[in-house]
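The structure file protein-v8.csv is reproduced below (CSV, C-alpha atoms and all ligand atoms).
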chain,number,residue,atom,x,y,z
F,1,MET,CA,86.6,-40.7,129.4
F,2,SER,CA,89.1,-43.5,129.3
F,3,ASP,CA,91.6,-43.8,126.5
F,4,SER,CA,91.5,-47.6,126.5
F,5,LEU,CA,87.8,-47.5,125.7
F,6,LEU,CA,88.4,-45.1,122.9
F,7,SER,CA,91.2,-47.2,121.5
F,8,LEU,CA,88.9,-50.3,120.9
F,9,PRO,CA,89.6,-52.1,117.7
F,10,TYR,CA,87.3,-51.7,114.7
F,11,PRO,CA,83.8,-53.0,115.5
F,12,SER,CA,84.0,-56.1,113.2
F,13,PHE,CA,87.2,-57.4,114.8
F,14,LEU,CA,85.9,-56.7,118.3
F,15,LEU,CA,82.6,-58.4,117.6
F,16,LEU,CA,84.3,-61.5,116.2
F,17,HIS,CA,86.6,-61.6,119.2
F,18,ILE,CA,83.7,-61.4,121.7
F,19,LEU,CA,81.5,-63.9,120.0
F,20,THR,CA,84.4,-66.4,119.9
F,21,ARG,CA,85.0,-65.8,123.6
F,22,MET,CA,81.3,-66.2,124.4
F,23,GLY,CA,81.2,-69.5,122.6
F,24,GLN,CA,84.3,-70.7,124.5
F,25,ALA,CA,82.8,-69.5,127.8
F,26,HIS,CA,79.5,-71.4,127.3
F,27,THR,CA,81.3,-74.5,126.4
F,28,GLN,CA,83.6,-74.2,129.5
F,29,LYS,CA,80.5,-73.7,131.7
F,30,GLY,CA,78.8,-76.8,130.4
F,31,TYR,CA,76.3,-75.1,128.1
F,32,LYS,CA,75.8,-76.1,124.5
F,33,PRO,CA,77.7,-74.2,121.8
F,34,ILE,CA,75.7,-71.2,120.7
F,35,SER,CA,75.0,-72.7,117.2
F,36,GLN,CA,73.0,-75.5,118.9
F,37,GLY,CA,71.7,-73.5,121.9
F,38,SER,CA,68.3,-73.4,123.5
F,39,SER,CA,65.8,-70.5,123.1
F,40,SER,CA,67.0,-68.9,126.4
F,41,ALA,CA,70.6,-69.1,125.1
F,42,LYS,CA,69.3,-67.4,121.9
F,43,ARG,CA,67.7,-64.6,124.0
F,44,TYR,CA,70.9,-64.3,125.9
F,45,PHE,CA,72.8,-64.1,122.6
F,46,VAL,CA,70.4,-61.4,121.2
F,47,LEU,CA,70.7,-59.3,124.4
F,48,SER,CA,74.4,-59.6,124.4
F,49,ILE,CA,74.7,-58.5,120.8
F,50,THR,CA,72.4,-55.5,121.5
F,51,PHE,CA,74.6,-54.7,124.5
F,52,ILE,CA,77.8,-55.0,122.6
F,53,ALA,CA,76.4,-52.9,119.7
F,54,GLY,CA,75.5,-50.2,122.2
F,55,ILE,CA,79.0,-50.1,123.6
F,56,LEU,CA,80.5,-50.0,120.1
F,57,LEU,CA,78.3,-47.2,118.9
F,58,GLY,CA,78.9,-45.3,122.1
F,59,SER,CA,82.7,-45.7,121.9
F,60,GLN,CA,82.7,-44.5,118.3
F,61,ALA,CA,80.7,-41.4,119.3
F,62,LEU,CA,83.1,-40.7,122.2
F,63,LYS,CA,86.0,-41.2,119.8
F,64,LEU,CA,84.6,-38.6,117.4
F,65,GLU,CA,83.9,-36.2,120.3
F,66,LYS,CA,87.5,-36.6,121.4
F,67,ILE,CA,88.9,-35.9,117.9
F,68,GLN,CA,86.8,-32.8,117.7
F,69,THR,CA,88.0,-31.6,121.1
F,70,LEU,CA,91.6,-32.1,120.0
F,71,PHE,CA,91.1,-30.6,116.6
F,72,PRO,CA,88.3,-28.1,116.9
F,73,SER,CA,88.6,-27.0,113.3
F,74,THR,CA,87.1,-30.4,112.2
F,75,ALA,CA,83.9,-29.5,114.0
F,76,GLY,CA,81.7,-27.4,111.9
F,77,THR,CA,84.4,-25.9,109.7
F,78,VAL,CA,82.2,-25.0,106.9
F,79,GLU,CA,79.7,-23.1,109.1
F,80,THR,CA,82.3,-21.1,111.1
F,81,ALA,CA,84.9,-20.1,108.5
F,82,ALA,CA,82.7,-17.6,106.6
F,83,PRO,CA,81.8,-15.4,109.6
F,84,ALA,CA,85.6,-15.4,110.7
F,85,VAL,CA,86.6,-14.0,107.3
F,86,GLU,CA,83.8,-11.5,107.4
F,87,ALA,CA,84.9,-10.3,110.9
F,88,TRP,CA,88.4,-9.8,109.6
F,89,LYS,CA,87.1,-7.5,106.9
F,90,THR,CA,84.5,-5.6,108.8
F,91,ARG,CA,85.6,-5.1,112.3
F,92,ARG,CA,87.6,-2.2,113.7
F,93,PHE,CA,91.0,-3.0,115.2
F,94,TYR,CA,92.5,-1.1,118.2
F,95,PRO,CA,96.0,-1.4,119.6
F,96,GLU,CA,95.0,-4.2,122.0
F,97,ASP,CA,94.1,-6.3,118.9
F,98,PHE,CA,97.3,-5.8,117.0
F,99,GLU,CA,99.3,-8.7,118.5
F,100,THR,CA,96.6,-11.3,118.0
F,101,TRP,CA,95.5,-10.3,114.6
F,102,PHE,CA,98.6,-8.8,113.0
F,103,GLY,CA,101.5,-10.3,115.0
F,104,LEU,CA,102.4,-6.7,115.9
F,105,ARG,CA,103.6,-5.8,119.4
F,106,HIS,CA,102.3,-2.4,120.4
F,107,THR,CA,104.7,0.4,121.4
F,108,HIS,CA,104.7,4.1,121.3
F,109,ASN,CA,108.5,4.3,121.6
F,110,LEU,CA,111.4,4.4,119.2
F,111,ILE,CA,113.4,1.3,120.3
F,112,ILE,CA,117.1,1.5,119.9
F,113,PRO,CA,118.9,-1.9,119.8
F,114,ASP,CA,122.2,-2.2,121.6
F,115,SER,CA,124.1,-2.6,118.3
F,116,LEU,CA,123.0,0.9,117.3
F,117,LYS,CA,123.3,2.7,120.6
F,118,PRO,CA,126.9,3.7,120.2
F,119,TYR,CA,126.2,5.5,116.9
F,120,ILE,CA,123.2,7.3,118.3
F,121,GLU,CA,124.8,8.3,121.5
F,122,SER,CA,128.0,9.7,119.9
F,123,HIS,CA,125.9,11.6,117.3
F,124,ASP,CA,125.1,15.2,118.4
F,125,LEU,CA,121.8,15.9,116.7
F,126,THR,CA,122.4,19.7,117.0
F,127,LYS,CA,125.3,19.2,114.6
F,128,ASP,CA,123.2,17.1,112.2
F,129,GLU,CA,123.2,18.6,108.7
F,130,TYR,CA,119.5,18.5,108.5
F,131,TYR,CA,119.1,20.3,111.8
F,132,VAL,CA,121.7,23.0,111.1
F,133,ALA,CA,120.1,23.8,107.7
F,134,GLU,CA,116.7,24.6,109.3
F,135,LYS,CA,117.4,25.1,113.0
F,136,GLU,CA,114.5,27.5,113.6
F,137,LEU,CA,111.9,25.3,112.0
F,138,TYR,CA,113.1,22.2,114.0
F,139,ASP,CA,113.3,24.1,117.2
F,140,ASN,CA,109.6,25.1,116.7
F,141,TYR,CA,108.7,21.5,116.0
F,142,ALA,CA,110.4,20.5,119.2
F,143,ARG,CA,108.6,23.2,121.2
F,144,VAL,CA,105.2,22.2,119.9
F,145,PHE,CA,105.4,18.4,119.6
F,146,GLY,CA,108.2,17.4,121.9
F,147,PRO,CA,106.2,17.5,125.1
F,148,ILE,CA,103.5,15.4,123.5
F,149,LEU,CA,106.1,12.7,122.8
F,150,ASP,CA,107.0,12.6,126.5
F,151,LYS,CA,103.4,11.8,127.3
F,152,PHE,CA,102.8,8.1,126.9
F,153,ILE,CA,99.4,8.0,125.3
F,154,THR,CA,98.2,4.5,125.9
F,155,ASN,CA,94.5,4.9,125.3
F,156,ASP,CA,94.0,7.0,122.2
F,157,ARG,CA,90.6,5.8,120.8
F,158,ARG,CA,90.4,8.5,118.1
F,159,PHE,CA,91.8,6.1,115.4
F,160,TYR,CA,91.1,2.6,114.4
F,161,VAL,CA,92.4,0.1,111.7
F,162,GLN,CA,90.0,-1.3,109.2
F,163,TRP,CA,90.1,-3.3,106.0
F,164,THR,CA,90.0,-0.9,102.9
F,165,GLY,CA,89.9,-3.5,100.1
F,166,GLU,CA,92.2,-5.9,98.2
F,167,ALA,CA,94.3,-3.1,96.7
F,168,LYS,CA,95.6,-1.5,99.9
F,169,LYS,CA,94.5,-4.0,102.5
F,170,PHE,CA,94.2,-2.3,105.9
F,171,GLY,CA,94.2,1.4,106.6
F,172,VAL,CA,93.7,3.9,109.5
F,173,PHE,CA,90.4,5.8,110.0
F,174,THR,CA,89.4,8.5,112.4
F,175,ASP,CA,86.4,8.4,114.6
F,176,ALA,CA,86.6,12.0,115.6
F,177,TYR,CA,86.9,15.4,114.0
F,178,ILE,CA,90.7,16.3,113.8
F,179,PRO,CA,91.6,19.9,113.0
F,180,PRO,CA,94.6,20.6,110.6
F,181,TYR,CA,98.1,20.5,112.2
F,182,ALA,CA,97.1,18.2,115.0
F,183,PHE,CA,99.5,15.6,116.4
F,184,ILE,CA,98.3,12.1,115.2
F,185,THR,CA,100.9,9.7,116.4
F,186,GLU,CA,104.6,9.0,116.3
F,187,TYR,CA,105.8,6.4,113.7
F,188,SER,CA,107.1,4.0,116.4
F,189,GLY,CA,109.1,0.9,116.0
F,190,MET,CA,112.6,-0.6,116.0
F,191,LEU,CA,115.5,1.4,114.7
F,192,VAL,CA,117.3,-0.7,112.1
F,193,ASN,CA,120.3,-0.5,109.9
F,194,SER,CA,118.8,-1.7,106.7
F,195,SER,CA,119.8,-2.1,103.1
F,196,ARG,CA,116.4,-3.6,102.3
F,197,SER,CA,113.3,-1.8,103.5
F,198,THR,CA,110.1,-3.6,104.4
F,199,ASP,CA,106.6,-2.3,103.7
F,200,TYR,CA,106.6,-1.0,107.3
F,201,GLU,CA,109.9,0.9,107.4
F,202,TRP,CA,110.1,4.7,107.7
F,203,HIS,CA,113.3,6.5,106.9
F,204,TYR,CA,115.2,7.6,110.0
F,205,TYR,CA,116.0,11.3,109.4
F,206,SER,CA,119.6,11.5,110.2
F,207,ARG,CA,123.1,11.9,108.7
F,208,ILE,CA,124.8,9.5,111.1
F,209,ARG,CA,128.0,8.0,109.7
F,210,ASP,CA,129.6,4.7,110.3
F,211,GLU,CA,133.3,4.0,111.0
F,212,ASN,CA,134.2,4.4,107.4
F,213,GLY,CA,132.5,7.8,107.1
F,214,ASN,CA,129.5,6.5,105.1
F,215,ILE,CA,126.0,7.7,105.9
F,216,MET,CA,124.1,4.9,107.6
F,217,ALA,CA,120.8,3.8,106.0
F,218,LEU,CA,118.8,3.8,109.2
F,219,GLY,CA,115.0,3.2,109.4
F,220,VAL,CA,112.2,2.8,111.9
F,221,ASP,CA,110.8,-0.6,111.2
F,222,SER,CA,107.4,-1.4,112.5
F,223,GLN,CA,106.9,-4.8,110.9
F,224,PHE,CA,106.8,-6.6,114.3
F,225,ILE,CA,106.7,-3.9,116.8
F,226,GLY,CA,105.0,-0.5,116.3
F,227,ASN,CA,101.7,1.3,116.4
F,228,ILE,CA,98.8,2.5,114.3
F,229,ALA,CA,101.1,4.6,112.1
F,230,ARG,CA,102.3,1.5,110.3
F,231,PHE,CA,98.8,1.0,108.9
F,232,VAL,CA,98.5,4.5,107.3
F,233,ASN,CA,98.3,4.2,103.5
F,234,HIS,CA,99.8,6.3,100.8
F,235,ASP,CA,97.9,9.0,98.8
F,236,ASP,CA,99.3,11.4,96.2
F,237,ASP,CA,97.2,14.1,97.8
F,238,PRO,CA,97.4,13.1,101.5
F,239,ASN,CA,95.6,14.6,104.5
F,240,CYS,CA,98.5,14.0,106.9
F,241,ASP,CA,102.2,14.6,106.6
F,242,VAL,CA,105.3,13.4,108.5
F,243,VAL,CA,107.3,15.9,110.6
F,244,TYR,CA,110.7,15.1,112.1
F,245,VAL,CA,111.0,16.4,115.6
F,246,PRO,CA,114.5,16.7,117.2
F,247,TRP,CA,113.9,15.4,120.7
F,248,ASN,CA,116.3,14.0,123.3
F,249,ASN,CA,119.0,13.7,120.6
F,250,LEU,CA,116.8,11.6,118.4
F,251,TRP,CA,114.8,12.4,115.3
F,252,ARG,CA,111.2,11.4,116.1
F,253,PRO,CA,109.0,11.0,113.0
F,254,ILE,CA,105.4,12.0,113.8
F,255,TYR,CA,102.3,12.1,111.7
F,256,VAL,CA,100.4,15.5,111.7
F,257,SER,CA,97.1,16.3,110.0
F,258,ILE,CA,97.4,18.9,107.2
F,259,LYS,CA,93.7,19.1,106.4
F,260,PRO,CA,90.6,18.8,108.6
F,261,LEU,CA,89.7,15.1,109.1
F,262,TYR,CA,86.1,14.0,109.5
F,263,PRO,CA,84.7,10.9,111.3
F,264,GLY,CA,84.9,7.9,109.0
F,265,GLU,CA,87.7,9.4,106.9
F,266,GLU,CA,90.9,7.5,106.1
F,267,LEU,CA,94.2,8.9,107.1
F,268,THR,CA,96.8,9.1,104.4
F,269,VAL,CA,100.4,10.3,103.9
F,270,SER,CA,102.7,10.5,100.9
F,271,TYR,CA,105.4,7.8,101.0
F,272,GLY,CA,107.3,9.7,98.4
F,273,GLN,CA,108.4,8.3,95.0
F,274,ASN,CA,111.5,6.7,96.4
F,275,TYR,CA,109.3,4.3,98.5
F,276,TRP,CA,107.5,2.9,95.4
F,277,ALA,CA,110.7,2.8,93.4
F,278,SER,CA,112.7,0.8,96.0
F,279,ARG,CA,109.7,-1.4,96.7
F,280,LYS,CA,109.2,-2.3,93.0
F,281,LYS,CA,109.0,-6.1,92.8
F,282,ALA,CA,109.4,-8.3,89.8
F,283,GLU,CA,105.8,-9.4,89.8
F,284,GLY,CA,104.2,-5.9,90.1
F,285,THR,CA,104.5,-2.4,88.8
F,286,GLY,CA,105.2,-1.0,92.3
F,287,GLN,CA,102.8,1.9,91.5
F,288,PRO,CA,100.4,3.0,94.2
F,289,VAL,CA,96.7,2.9,93.6
F,290,ASN,CA,95.5,6.5,93.2
F,291,THR,CA,92.8,7.0,95.7
F,292,ASN,CA,91.6,10.4,94.5
F,293,THR,CA,91.4,12.4,91.3
F,294,ASN,CA,94.6,14.4,92.1
F,295,THR,CA,97.4,12.4,90.6
F,296,SER,CA,100.2,15.0,91.0
F,297,LYS,CA,103.3,13.6,92.5
F,298,LYS,CA,105.1,15.3,95.3
F,301,LIG,C1,102.9,1.0,105.8
F,301,LIG,S1,101.9,-0.3,105.0
F,301,LIG,C2,100.3,0.4,105.1
F,301,LIG,C3,99.3,-0.6,105.7
F,301,LIG,C4,98.9,-1.8,104.8
F,301,LIG,N1,97.9,-1.3,103.9
F,301,LIG,C5,98.5,-3.0,105.5
F,301,LIG,O1,97.4,-3.6,105.3
F,301,LIG,O2,99.3,-3.5,106.4
F,301,LIG,C6,102.4,0.0,103.3
F,301,LIG,C7,101.9,-0.9,102.3
F,301,LIG,O3,100.5,-0.7,102.1
F,301,LIG,C8,100.1,-0.8,100.7
F,301,LIG,N2,99.7,0.5,100.3
F,301,LIG,C9,99.7,1.6,100.9
F,301,LIG,N3,99.1,2.6,100.2
F,301,LIG,C10,98.8,2.1,99.0
F,301,LIG,C11,98.2,2.6,97.8
F,301,LIG,N4,97.8,3.9,97.7
F,301,LIG,N5,98.0,1.7,96.8
F,301,LIG,C12,98.3,0.4,96.9
F,301,LIG,N6,98.9,-0.1,98.0
F,301,LIG,C13,99.1,0.7,99.1
F,301,LIG,C14,101.4,-1.2,100.0
F,301,LIG,O4,101.5,-2.6,100.0
F,301,LIG,C15,102.5,-0.7,100.9
F,301,LIG,O5,103.7,-1.3,100.8

How does the structure come out when it is put into structure tokens?
Ligand SMILES: C[S@@+](CC[C@H](N)C(=O)[O-])C[C@H]1O[C@@H](n2cnc3c(N)ncnc32)[C@H](O)[C@@H]1O
Amino acid sequence: MSDSLLSLPYPSFLLLHILTRMGQAHTQKGYKPISQGSSSAKRYFVLSITFIAGILLGSQALKLEKIQTLFPSTAGTVETAAPAVEAWKTRRFYPEDFETWFGLRHTHNLIIPDSLKPYIESHDLTKDEYYVAEKELYDNYARVFGPILDKFITNDRRFYVQWTGEAKKFGVFTDAYIPPYAFITEYSGMLVNSSRSTDYEWHYYSRIRDENGNIMALGVDSQFIGNIARFVNHDDDPNCDVVYVPWNNLWRPIYVSIKPLYPGEELTVSYGQNYWASRKKAEGTGQPVNTNTNTSKK
């Protein structure tokens, strides 16, 4: 399809231009001007007009088709928008969908940026205050869950993300029966040194200090890179809990079921009261929606 055809001027100007040229051409070839022409000249005139009108209508149609190709949203917007919104709110999302639908790069790892590596590498986790206080407990966590962390689980189809409603937006559901105390997933993402936490940041369980001896406010941020854990919602009476596993000199936050989970059930954890307090924004109360009848705070 030629661009020059599509860039024809508006029909009225073009018609005027062609008629003028036709009149000139007839005069030059010795015919009478169109206004005084014979019946064959009139037939020629009518045929020409029909031909020109055909070209004009065709070019306008092509032009519209080209616009619709360049800007597909102009084609049938009203008919296609509603099903798209419906899909967003009804479909199940798996890790391969996260980048397209949520702008989330998928990873099962705890990613340490170069800026934080020196602090992590020079910090002996076995001397960490938290570890020393409950060494036996953490050694047990490491024995049970550490080897699972080393297995790179790429195709875990037990869980999916789905819309829960306007209050909480998306959440994580199970498609399988999960017994209590089962490994769900690691809270993966980017280790950040943050003063401001996002909706998707989980506290990094450590007492690492900076050059001035201050404890660093580290967190695992999964706003842009992470996994299914960042979609798990809060509940005052959750069915999962977070366990910090000391593994390869890092604290690895993992989600573990603490009740039996049945197919179709939503996974929840308690974010703790600090989360809601620090997240409190001017426009809202910062209070979670209680999703069950048990309103006791942890
Ligand atoms: C880690 S994200 C959980 C996934 C989130 N629902 C989403 O659609 O991306 C945490 C955010 O989810 C929302 N949220 C989680 N639990 C909630 C609850 N019980 N009531 C209201 N909002 C909740 C809050 O906006 C919170 O900051």

Task: Closest of F:Arg92, F:His234, F:Lys169, F:Arg207 to F:Thr126 - atom-to-atom distances counting only C-alpha atoms - done: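 The answer is F:Arg207, which sits nearest to F:Thr126.
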
What are the nearest atom pairs, with distances in Å to one decimal, for all residues of chain F that come at most 9 Å from ligand LIG 301 (chain F), using all atoms listed in the file, set out by chain and rising residue number as a tab-separated table?
residue	atom	partner	partner_atom	distance
F:Phe102	CA	F:LIG301	O2	8.5
F:Val161	CA	F:LIG301	O1	8.9
F:Gln162	CA	F:LIG301	O1	8.7
F:Trp163	CA	F:LIG301	O1	7.3
F:Thr164	CA	F:LIG301	N1	8.0
F:Glu166	CA	F:LIG301	N6	8.9
F:Ala167	CA	F:LIG301	C12	5.3
F:Lys168	CA	F:LIG301	N6	4.1
F:Lys169	CA	F:LIG301	O1	4.1
F:Phe170	CA	F:LIG301	O1	3.5
F:Gly171	CA	F:LIG301	N1	5.3
F:Val172	CA	F:LIG301	C3	8.1
F:Thr198	CA	F:LIG301	O5	7.7
F:Asp199	CA	F:LIG301	O5	4.2
F:Tyr200	CA	F:LIG301	C1	4.5
F:Glu201	CA	F:LIG301	C1	7.2
F:Trp202	CA	F:LIG301	C1	8.3
F:Ser222	CA	F:LIG301	C1	8.4
F:Gln223	CA	F:LIG301	C1	8.7
F:Ala229	CA	F:LIG301	C1	7.5
F:Arg230	CA	F:LIG301	C1	4.6
F:Phe231	CA	F:LIG301	C3	3.6
F:Val232	CA	F:LIG301	C2	5.0
F:Asn233	CA	F:LIG301	N3	3.8
F:His234	CA	F:LIG301	N3	3.8
F:Asp235	CA	F:LIG301	N4	5.2
F:Asp236	CA	F:LIG301	N4	7.8
F:Thr268	CA	F:LIG301	N3	8.1
F:Val269	CA	F:LIG301	N3	8.6
F:Ser270	CA	F:LIG301	N3	8.7
F:Tyr271	CA	F:LIG301	N3	8.2
F:Tyr275	CA	F:LIG301	O5	8.2
F:Trp276	CA	F:LIG301	O5	7.8
F:Arg279	CA	F:LIG301	O5	7.3
F:Gly286	CA	F:LIG301	C12	8.4
F:Gln287	CA	F:LIG301	N5	7.2
F:Pro288	CA	F:LIG301	N5	3.8
F:Val289	CA	F:LIG301	N5	3.7
F:Asn290	CA	F:LIG301	N4	5.7
F:Thr291	CA	F:LIG301	N4	6.2

- [ ] Write out as a PyMOL selection string each polymer residue whose atoms come within 12 Å of F:His106, counting all atoms listed in the file; drop sequence neighbours fewer than 4 positions from it.
- [x] chain F and resi 94-102+110-111+153-155+187-190+222-230

Each residue of stretch 175-209 of chain F lying at most 12 Å from stretch 238-251 of chain F should get a row with its shortest atom-to-atom pair and the distance in Å to one decimal, counting all atoms listed in the file; could you produce that, ordered by chain and increasing number, as a Markdown table?
| residue | atom | partner | partner_atom | distance |
| --- | --- | --- | --- | --- |
| F:Ile178 | CA | F:Asn239 | CA | 10.6 |
| F:Pro179 | CA | F:Asn239 | CA | 10.8 |
| F:Pro180 | CA | F:Cys240 | CA | 8.5 |
| F:Tyr181 | CA | F:Cys240 | CA | 8.4 |
| F:Ala182 | CA | F:Cys240 | CA | 9.2 |
| F:Phe183 | CA | F:Cys240 | CA | 9.7 |
| F:Ile184 | CA | F:Cys240 | CA | 8.5 |
| F:Thr185 | CA | F:Val242 | CA | 9.8 |
| F:Glu186 | CA | F:Val242 | CA | 9.0 |
| F:Tyr187 | CA | F:Val242 | CA | 8.7 |
| F:Ser188 | CA | F:Trp251 | CA | 11.4 |
| F:Leu191 | CA | F:Leu250 | CA | 10.9 |
| F:Trp202 | CA | F:Val242 | CA | 10.0 |
| F:His203 | CA | F:Trp251 | CA | 10.4 |
| F:Tyr204 | CA | F:Trp251 | CA | 7.2 |
| F:Tyr205 | CA | F:Trp251 | CA | 6.1 |
| F:Ser206 | CA | F:Trp251 | CA | 7.1 |
| F:Arg207 | CA | F:Trp251 | CA | 10.6 |
| F:Ile208 | CA | F:Leu250 | CA | 11.0 |

Open item on the list: What does the structure give for the distance between atom CA of F:Val220 and atom CA of F:Asn109, in Å to one decimal?
Closed with: 10.5 Å

Task: Distance in Å - atom CA of F:Arg252 versus atom CA of F:Gly146 - done: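 Rounded to one decimal, the two atoms are 8.9 Å apart.
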
Task: Nearest to F:Ser194, chosen from F:Ile215, F:Val144, F:Val256, F:Ala176, with only C-alpha atoms counted in the distances - done: F:Ile215

Open item on the list: Calculated over only C-alpha atoms, which of the candidates F:Thr107, F:Thr90, F:Ser278, F:Ser122 has the smallest distance to F:Asp210?
Closed with: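 Smallest separation from F:Asp210 among the options: F:Ser122.
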
- [ ] Figure out the distance between atom CA of F:Ser257 and atom CA of F:Asp175, please, to one decimal in Å.
- [x] 14.1 Å

Task: Proximity to F:Tyr255 - best of F:Ile49, F:Met216, F:Leu149, F:Ala277, all atoms listed in the file - done: F:Leu149

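You can rank F:Arg209, F:Lys89, F:Lys135, F:Arg158 by their closest distance to F:Tyr119 using all atoms listed in the file, and at the top of that list sits F:Arg209.
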